[in-house]
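Have a look at work28.tsv; it's TSV, C-alpha atoms:
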```
chain	number	residue	atom	x	y	z
A	193	MET	CA	71.69	107.62	126.31
A	194	ALA	CA	73.74	107.01	123.18
A	195	ARG	CA	74.68	110.68	123.18
A	196	GLU	CA	75.86	110.54	126.80
A	197	ALA	CA	78.06	107.55	126.01
A	198	SER	CA	79.36	109.12	122.75
A	199	VAL	CA	78.34	106.09	120.68
A	200	SER	CA	75.70	105.38	118.06
A	201	VAL	CA	72.14	104.26	118.70
A	202	SER	CA	72.83	100.98	116.90
A	203	THR	CA	75.86	100.36	119.12
A	204	VAL	CA	73.75	100.69	122.25
A	205	SER	CA	71.00	98.54	120.77
A	206	ARG	CA	73.36	95.74	119.79
A	207	PHE	CA	75.13	95.93	123.16
A	208	LEU	CA	71.82	95.65	125.02
A	209	ASN	CA	70.87	92.64	122.89
A	210	GLY	CA	74.18	90.94	123.63
A	211	GLN	CA	75.19	91.15	119.97
A	212	LEU	CA	78.20	93.39	120.37
A	213	THR	CA	81.45	93.30	122.34
A	214	LEU	CA	82.83	96.75	123.00
A	215	ARG	CA	86.31	97.95	123.78
A	216	PRO	CA	86.77	98.26	127.57
A	217	ASP	CA	86.75	102.07	127.57
A	218	THR	CA	83.66	102.21	125.33
A	219	GLU	CA	81.87	99.56	127.42
A	220	GLU	CA	82.64	101.56	130.53
A	221	ARG	CA	81.01	104.68	129.07
A	222	VAL	CA	77.96	102.74	127.87
A	223	SER	CA	77.59	100.89	131.19
A	224	ALA	CA	77.83	104.14	133.14
A	225	ALA	CA	75.11	105.68	130.99
A	226	LEU	CA	72.96	102.54	131.39
A	227	ASP	CA	73.42	102.62	135.16
A	228	ALA	CA	72.38	106.26	135.27
A	229	LEU	CA	69.15	105.32	133.48
A	230	GLY	CA	68.52	102.22	135.55
A	231	TYR	CA	69.38	99.62	132.87
A	232	ALA	CA	71.40	96.49	133.49
A	233	ALA	CA	74.20	95.85	131.01
A	234	PRO	CA	74.10	92.44	129.29
A	235	ALA	CA	76.71	89.73	129.71
A	236	ARG	CA	79.67	89.87	127.34
A	237	ARG	CA	79.30	87.74	124.20
A	238	GLY	CA	80.96	84.37	124.37
A	239	LYS	CA	84.04	83.48	122.36
A	240	ASP	CA	82.26	80.47	120.88
A	241	GLU	CA	79.83	82.63	118.92
A	242	PRO	CA	80.24	81.99	115.18
A	243	ALA	CA	82.60	84.42	113.47
A	244	GLU	CA	80.01	85.01	110.74
A	245	ALA	CA	77.60	86.43	113.29
A	246	ARG	CA	80.25	88.77	114.67
A	247	ILE	CA	81.03	90.06	111.18
A	248	GLU	CA	77.40	90.70	110.40
A	249	GLN	CA	76.63	92.51	113.64
A	250	ASP	CA	79.55	94.82	114.38
A	251	THR	CA	81.96	95.02	111.47
A	252	ILE	CA	82.39	97.51	108.67
A	253	ALA	CA	84.96	97.36	105.90
A	254	LEU	CA	87.49	99.84	104.60
A	255	VAL	CA	89.00	99.50	101.13
A	256	VAL	CA	92.09	101.56	100.22
A	257	PRO	CA	94.32	101.46	97.13
A	258	GLN	CA	97.68	101.10	98.92
A	259	ILE	CA	98.36	100.52	102.60
A	260	GLY	CA	102.04	101.20	101.91
A	261	ASN	CA	101.20	104.71	100.72
A	262	ALA	CA	101.57	107.08	103.69
A	263	TYR	CA	98.43	109.00	102.73
A	264	PHE	CA	96.17	105.95	102.67
A	265	SER	CA	97.78	104.32	105.70
A	266	ARG	CA	96.93	107.47	107.67
A	267	ILE	CA	93.34	107.35	106.41
A	268	ALA	CA	93.15	103.69	107.45
A	269	ALA	CA	94.48	104.38	110.94
A	270	ALA	CA	92.10	107.30	111.41
A	271	VAL	CA	89.04	105.35	110.19
A	272	ILE	CA	89.84	102.41	112.47
A	273	ALA	CA	90.23	104.70	115.49
A	274	ALA	CA	86.98	106.53	114.71
A	275	ALA	CA	85.08	103.27	114.14
A	276	GLU	CA	86.34	101.72	117.38
A	277	ALA	CA	85.00	104.72	119.29
A	278	TYR	CA	81.55	103.67	118.03
A	279	GLY	CA	82.16	100.05	119.03
A	280	LEU	CA	82.70	98.90	115.44
A	281	SER	CA	85.43	96.65	114.13
A	282	VAL	CA	87.03	97.29	110.73
A	283	LEU	CA	88.05	94.82	108.05
A	284	LEU	CA	90.82	96.46	106.01
A	285	ALA	CA	91.51	95.58	102.38
A	286	SER	CA	94.36	97.03	100.32
A	287	THR	CA	93.90	96.52	96.59
A	288	ARG	CA	97.47	97.47	95.62
A	289	ASN	CA	96.09	99.80	92.94
A	290	ASN	CA	94.70	96.85	91.00
A	291	MET	CA	91.32	97.57	89.40
A	292	ARG	CA	90.34	93.90	89.37
A	293	LYS	CA	91.12	93.56	93.07
A	294	GLN	CA	89.11	96.67	93.88
A	295	VAL	CA	86.07	94.95	92.37
A	296	ASP	CA	86.86	91.55	93.86
A	297	TYR	CA	87.41	92.85	97.40
A	298	VAL	CA	84.12	94.74	97.44
A	299	ASN	CA	82.29	91.60	96.27
A	300	LEU	CA	84.10	89.43	98.84
A	301	LEU	CA	83.41	91.79	101.72
A	302	ARG	CA	79.76	92.02	100.75
A	303	GLU	CA	79.54	88.22	100.82
A	304	LYS	CA	81.07	88.20	104.31
A	305	GLY	CA	78.09	90.14	105.62
A	306	ILE	CA	79.68	93.44	106.56
A	307	SER	CA	77.22	96.03	107.84
A	308	GLY	CA	78.75	98.94	105.91
A	309	LEU	CA	81.63	100.02	103.67
A	310	ILE	CA	84.01	102.98	103.54
A	311	TYR	CA	85.65	103.04	100.13
A	312	ALA	CA	88.72	105.00	99.01
A	313	GLY	CA	89.32	104.18	95.37
A	314	ASN	CA	92.09	105.10	92.97
A	315	TYR	CA	90.08	104.56	89.80
A	316	ARG	CA	87.26	106.67	88.41
A	317	SER	CA	84.68	103.92	88.74
A	318	ASN	CA	84.03	100.52	90.32
A	319	THR	CA	81.10	98.42	89.16
A	320	ALA	CA	81.00	96.48	92.43
A	321	VAL	CA	80.66	99.66	94.49
A	322	SER	CA	77.82	100.82	92.25
A	323	ARG	CA	76.07	97.47	92.66
A	324	VAL	CA	76.29	97.23	96.47
A	325	ILE	CA	75.08	100.82	96.84
A	326	GLY	CA	72.09	99.90	94.67
A	327	GLU	CA	71.49	96.83	96.83
A	328	GLY	CA	71.19	99.01	99.91
A	329	LEU	CA	74.55	98.47	101.62
A	330	PRO	CA	75.48	101.63	103.56
A	331	VAL	CA	78.52	103.06	101.76
A	332	VAL	CA	80.62	106.19	102.23
A	333	LEU	CA	83.12	107.24	99.58
A	334	VAL	CA	86.28	108.90	100.89
A	335	ASP	CA	88.79	111.12	99.08
A	336	GLU	CA	87.66	110.26	95.55
A	337	GLN	CA	84.30	110.45	93.82
A	338	GLN	CA	83.08	107.54	91.73
A	339	ALA	CA	81.36	107.81	88.37
A	340	ASP	CA	78.07	106.07	87.57
A	341	VAL	CA	77.03	105.35	91.17
A	342	PRO	CA	73.64	105.89	92.83
A	343	PRO	CA	73.46	108.85	95.26
A	344	VAL	CA	75.91	108.09	98.07
A	345	ASP	CA	77.51	109.80	101.07
A	346	THR	CA	80.92	111.22	100.17
A	347	VAL	CA	83.76	112.87	102.10
A	348	LEU	CA	86.21	114.87	100.01
A	349	VAL	CA	89.23	117.13	100.40
A	350	ASP	CA	88.92	120.67	99.04
A	351	ASP	CA	91.33	119.79	96.25
A	352	TYR	CA	90.65	122.93	94.26
A	353	ALA	CA	91.31	125.32	97.12
A	354	GLY	CA	94.49	123.51	98.13
A	355	ALA	CA	95.94	123.65	94.63
A	356	TYR	CA	94.94	127.28	94.27
A	357	GLN	CA	96.73	128.12	97.53
A	358	ALA	CA	99.85	126.22	96.45
A	359	ALA	CA	100.07	127.92	93.04
A	360	THR	CA	99.27	131.34	94.51
A	361	TYR	CA	102.08	130.93	97.03
A	362	LEU	CA	104.58	130.15	94.26
A	363	LEU	CA	103.33	133.14	92.29
A	364	SER	CA	103.77	135.37	95.34
A	365	LEU	CA	107.44	134.36	95.46
A	366	GLY	CA	107.86	135.60	91.90
A	367	HIS	CA	107.67	132.38	89.89
A	368	VAL	CA	106.09	132.59	86.44
A	369	ARG	CA	107.15	129.18	85.07
A	370	ILE	CA	105.29	126.78	87.36
A	371	ALA	CA	104.91	123.19	86.19
A	372	PHE	CA	102.06	120.90	87.19
A	373	VAL	CA	102.94	117.28	87.99
A	374	GLY	CA	99.91	115.22	88.98
A	375	GLY	CA	98.40	111.77	89.23
A	376	PRO	CA	96.03	110.04	86.79
A	377	PRO	CA	94.12	112.84	85.02
A	378	GLU	CA	90.82	110.95	84.99
A	379	LEU	CA	90.55	111.10	88.79
A	380	PHE	CA	88.26	113.78	90.17
A	381	SER	CA	90.82	114.85	92.80
A	382	VAL	CA	93.55	115.28	90.19
A	383	SER	CA	91.31	117.25	87.84
A	384	GLU	CA	90.30	119.56	90.72
A	385	ARG	CA	93.92	120.14	91.73
A	386	HIS	CA	94.79	120.86	88.12
A	387	ARG	CA	91.87	123.29	87.90
A	388	GLY	CA	93.00	125.12	91.04
A	389	TRP	CA	96.56	125.42	89.68
A	390	ARG	CA	95.26	126.63	86.29
A	391	ASP	CA	92.91	129.24	87.76
A	392	ALA	CA	95.62	130.68	90.03
A	393	LEU	CA	98.00	131.09	87.10
A	394	GLU	CA	95.43	132.58	84.77
A	395	ARG	CA	94.22	135.03	87.40
A	396	ALA	CA	97.85	136.20	87.57
A	397	GLY	CA	97.86	136.68	83.79
A	398	ILE	CA	99.93	133.57	83.04
A	399	GLU	CA	98.76	131.23	80.27
A	400	ALA	CA	98.48	127.81	81.93
A	401	ASP	CA	98.62	125.96	78.61
A	402	GLN	CA	102.13	127.32	78.09
A	403	GLN	CA	103.34	125.63	81.29
A	404	LEU	CA	104.72	122.11	81.53
A	405	GLN	CA	102.09	119.58	82.63
A	406	LEU	CA	102.80	115.94	83.39
A	407	ASN	CA	100.54	113.18	84.69
A	408	GLY	CA	101.36	109.71	85.93
A	409	ALA	CA	101.05	107.41	88.94
A	410	PHE	CA	100.91	108.57	92.54
A	411	SER	CA	104.42	107.27	93.18
A	412	GLU	CA	107.90	108.47	94.02
A	413	GLU	CA	109.13	106.69	90.91
A	414	PHE	CA	106.95	108.87	88.71
A	415	GLY	CA	108.05	112.00	90.56
A	416	ALA	CA	111.70	111.11	90.07
A	417	ALA	CA	111.18	110.37	86.37
A	418	ALA	CA	109.26	113.60	85.89
A	419	LEU	CA	112.25	115.71	86.89
A	420	SER	CA	114.26	114.77	83.81
A	421	HIS	CA	111.36	115.86	81.58
A	422	LEU	CA	111.14	119.19	83.38
A	423	LEU	CA	114.86	119.83	83.04
A	424	ALA	CA	114.86	118.94	79.34
A	425	ALA	CA	112.39	121.70	78.47
A	426	ALA	CA	113.55	124.62	76.35
A	427	GLU	CA	112.60	126.86	79.28
A	428	PRO	CA	112.69	124.69	82.40
A	429	PRO	CA	110.28	125.68	85.16
A	430	THR	CA	111.60	127.47	88.22
A	431	ALA	CA	108.88	125.85	90.35
A	432	VAL	CA	106.74	122.70	90.44
A	433	PHE	CA	103.36	122.10	92.00
A	434	ALA	CA	103.26	118.36	92.63
A	435	ALA	CA	99.65	117.31	93.24
A	436	SER	CA	100.79	114.66	95.73
A	437	ASP	CA	103.51	114.57	98.39
A	438	THR	CA	104.50	111.14	97.15
A	439	ILE	CA	105.28	112.63	93.74
A	440	ALA	CA	106.99	115.62	95.36
A	441	LEU	CA	109.23	113.36	97.45
A	442	GLY	CA	110.28	111.57	94.26
A	443	LEU	CA	111.16	114.93	92.72
A	444	LEU	CA	113.26	115.88	95.74
A	445	SER	CA	115.06	112.55	95.69
A	446	ALA	CA	115.92	112.88	92.00
A	447	ALA	CA	117.05	116.48	92.54
A	448	ARG	CA	119.51	115.35	95.22
A	449	ARG	CA	120.93	112.68	92.92
A	450	LEU	CA	121.41	115.25	90.14
A	451	SER	CA	122.85	117.87	92.52
A	452	ILE	CA	120.00	120.28	91.81
A	453	ASP	CA	119.61	122.67	94.70
A	454	VAL	CA	116.03	122.88	96.02
A	455	PRO	CA	114.81	125.60	96.36
A	456	ARG	CA	117.70	127.64	94.87
A	457	ASN	CA	117.36	126.11	91.40
A	458	LEU	CA	113.87	124.63	91.67
A	459	SER	CA	111.03	125.25	94.12
A	460	VAL	CA	108.71	122.34	94.93
A	461	VAL	CA	105.31	122.37	96.62
A	462	GLY	CA	103.38	119.18	97.36
A	463	PHE	CA	99.89	118.19	98.51
A	464	ASP	CA	98.72	115.99	101.44
A	465	ASP	CA	101.23	116.79	104.23
A	466	VAL	CA	102.32	113.19	104.79
A	467	PRO	CA	104.67	112.61	107.76
A	468	ALA	CA	107.76	112.40	105.53
A	469	ALA	CA	107.11	115.96	104.29
A	470	SER	CA	108.46	117.38	107.56
A	471	LEU	CA	111.36	114.93	107.76
A	472	VAL	CA	113.07	115.44	104.40
A	473	THR	CA	115.67	118.11	103.69
A	474	PRO	CA	114.60	120.65	102.64
A	475	ARG	CA	111.35	120.37	104.56
A	476	LEU	CA	108.57	120.18	102.01
A	477	THR	CA	106.09	123.02	101.58
A	478	THR	CA	102.77	121.28	101.16
A	479	VAL	CA	99.00	121.44	101.49
A	480	HIS	CA	97.74	119.93	104.73
A	481	THR	CA	94.70	117.66	104.45
A	482	PRO	CA	92.96	116.92	107.79
A	483	LEU	CA	92.63	113.16	107.37
A	484	GLU	CA	91.40	112.63	110.93
A	485	LYS	CA	88.47	114.98	110.26
A	486	MET	CA	87.77	113.14	107.00
A	487	ALA	CA	87.80	109.80	108.78
A	488	ASP	CA	85.56	111.04	111.59
A	489	ALA	CA	83.07	112.45	109.08
A	490	ALA	CA	83.05	109.23	107.05
A	491	VAL	CA	82.48	106.99	110.08
A	492	ARG	CA	79.82	109.32	111.48
A	493	MET	CA	77.97	109.30	108.14
A	494	LEU	CA	78.13	105.51	108.00
A	495	VAL	CA	76.89	105.11	111.57
A	496	GLU	CA	73.99	107.46	110.86
A	497	ARG	CA	73.12	105.27	107.87
A	498	LEU	CA	73.27	102.17	110.07
A	499	ASP	CA	71.02	103.88	112.61
A	500	GLY	CA	68.55	104.98	109.94
A	501	LEU	CA	69.09	108.65	110.81
A	502	SER	CA	69.79	109.81	107.26
A	503	SER	CA	68.04	109.18	103.97
A	504	GLN	CA	69.52	111.80	101.63
A	505	ALA	CA	73.01	111.41	100.16
A	506	ARG	CA	75.40	113.99	101.58
A	507	THR	CA	78.78	115.37	100.55
A	508	ALA	CA	81.22	116.78	103.10
A	509	VAL	CA	84.22	118.78	101.90
A	510	THR	CA	87.07	119.23	104.39
A	511	SER	CA	89.09	122.42	104.25
A	512	VAL	CA	92.86	122.46	103.71
A	513	SER	CA	95.73	124.79	104.56
A	514	LEU	CA	99.21	125.54	103.23
A	515	VAL	CA	102.13	124.43	105.41
A	516	THR	CA	105.22	126.45	104.58
A	517	GLY	CA	108.47	124.49	104.63
A	518	GLU	CA	111.83	125.15	103.04
A	519	SER	CA	111.38	123.69	99.55
A	520	ALA	CA	110.11	126.89	97.90
A	521	ALA	CA	111.80	130.25	97.65
A	522	VAL	CA	112.18	133.33	95.45
A	523	PRO	CA	113.51	132.37	91.98
A	524	PHE	CA	117.31	132.50	91.87
A	525	ALA	CA	117.37	135.16	89.16
A	526	LEU	CA	115.20	137.47	91.25
A	527	SER	CA	117.11	136.80	94.48
A	528	THR	CA	120.45	137.67	92.85
A	529	ALA	CA	119.00	140.77	91.18
A	530	SER	CA	117.99	142.14	94.55
```

Could you show the structure in this file as structure tokens?
Amino acid sequence: MAREASVSVSTVSRFLNGQLTLRPDTEERVSAALDALGYAAPARRGKDEPAEARIEQDTIALVVPQIGNAYFSRIAAAVIAAAEAYGLSVLLASTRNNMRKQVDYVNLLREKGISGLIYAGNYRSNTAVSRVIGEGLPVVLVDEQQADVPPVDTVLVDDYAGAYQAATYLLSLGHVRIAFVGGPPELFSVSERHRGWRDALERAGIEADQQLQLNGAFSEEFGAAALSHLLAAAEPPTAVFAASDTIALGLLSAARRLSIDVPRNLSVVGFDDVPAASLVTPRLTTVHTPLEKMADAAVRMLVERLDGLSSQARTAVTSVSLVTGESAAVPFALSTAS
């Protein structure tokens, strides 16, 4: 019956026990499936039921580093939509990239009696996440692996393949001086994007260690500041692979202020395909990450944990694709020579 209604077994069970209030469209699907099987749907739960009970029965939590970051706001929206389709509510916590808050929010949400947690961190480890996994709370990690945690369900982007595609594209245009500008190097996602960039260059016979490499925060401010370092090099790069669209947008902004023509004087490729990537001029060439698929996979994994349908930790890796914009072109020297 759960399959016919496109919801989880636990959702149907809690609905039948009067423990769960569904969205109208979800309740309609469940009720139709119940009617077909000869069941009578229970009365809707009263508004006077204690809030603590509602949290315990039908609420999961999502923790993200920055809700103001377009990448994580899209993940949040996609997770909430996917969870609601299963009849689950979502408590959203944004830690503002503060390590202490990432620990505190996980502890607080655990105390509130959430039934499960989807966690997108921006640090390599979180002691609170490790602890609640060990205590048996269903947890799914999204976008970033965590060090020193028990076996746990994880949904990742194919960071390596995306970076390899981005660097290979720049190489195909004729660039040989391709800088890497990425986020915190200790993050698994950043190290994988760096590895993909490095392997693409070295396969083309270019020594990656001879290229400019900068790491900093996932912010436009860092991207803007990075440009001055790139330009000050004895042999400035003709292209940049920015391992985040946020960083790439900062680079583009700084280039406009300094009257540097992109892509004539500098090609830029980003990663993530945030909405702003298609709105800026020039339109950013970037690596598309299917966040909706990531969110669906994360919620499905969590629901299967809640339903007791899975016992082994799983890792899902979502594929990526290059989206060609207008921010990368043949190096100026080559274009004039032809």

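Among the candidate residues A:Gln294, A:Leu362, A:Gln403, A:Arg448, the one lying nearest to A:Ala426 is A:Gln403, with distances computed using all atoms listed in the file.
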
Distance in Å - atom CA of A:Leu329 versus atom CA of A:Gly308
6.0 Å

Surrounding residues of A:Ser445 excluding itself and chain neighbours under 3 positions, 10 Å, all atoms listed in the file, as an mmCIF file with C-alpha atoms, in the coordinates of the input:
```
data_model
loop_
_atom_site.group_PDB
_atom_site.id
_atom_site.type_symbol
_atom_site.label_atom_id
_atom_site.label_comp_id
_atom_site.auth_asym_id
_atom_site.auth_seq_id
_atom_site.Cartn_x
_atom_site.Cartn_y
_atom_site.Cartn_z
ATOM 1 C CA GLU A 412 107.900 108.470 94.020
ATOM 2 C CA GLU A 413 109.130 106.690 90.910
ATOM 3 C CA GLY A 415 108.050 112.000 90.560
ATOM 4 C CA ALA A 416 111.700 111.110 90.070
ATOM 5 C CA LEU A 419 112.250 115.710 86.890
ATOM 6 C CA ILE A 439 105.280 112.630 93.740
ATOM 7 C CA ALA A 440 106.990 115.620 95.360
ATOM 8 C CA LEU A 441 109.230 113.360 97.450
ATOM 9 C CA GLY A 442 110.280 111.570 94.260
ATOM 10 C CA ARG A 448 119.510 115.350 95.220
ATOM 11 C CA ARG A 449 120.930 112.680 92.920
ATOM 12 C CA LEU A 450 121.410 115.250 90.140
ATOM 13 C CA SER A 451 122.850 117.870 92.520
ATOM 14 C CA ILE A 452 120.000 120.280 91.810
ATOM 15 C CA VAL A 472 113.070 115.440 104.400
ATOM 16 C CA THR A 473 115.670 118.110 103.690
#
```

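Residues lying within 8 Å of stretch 498-515 of chain A, counting only C-alpha atoms and ignoring same-chain neighbours fewer than 5 positions away, are Ser200, Val201, Ser202, Ser307, Gly308, Pro330, Pro343, Val344, Asp345, Thr346, Val347, Leu348, Val349, Asp350, Ala353, Gly354, Gln357, Ala358, Asp465, Thr477, Thr478, Val479, His480, Thr481, Pro482, Lys485, Met486 and Ala489 of chain A.
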
Identify, on the basis of only C-alpha atoms, every residue whose closest approach to A:Leu280 does not exceed 7 Å; exclude the query and any residue fewer than 4 positions from it along the same chain; express the result as a ChimeraX atom specification.
/A:250-252,275-276

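Atom pair atom CA of A:Leu379 / atom CA of A:Ala270: separated by 23.0 Å.
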
Tell me, in Å to one decimal, how far atom CA of A:Asp296 is from atom CA of A:Val491.
22.8 Å
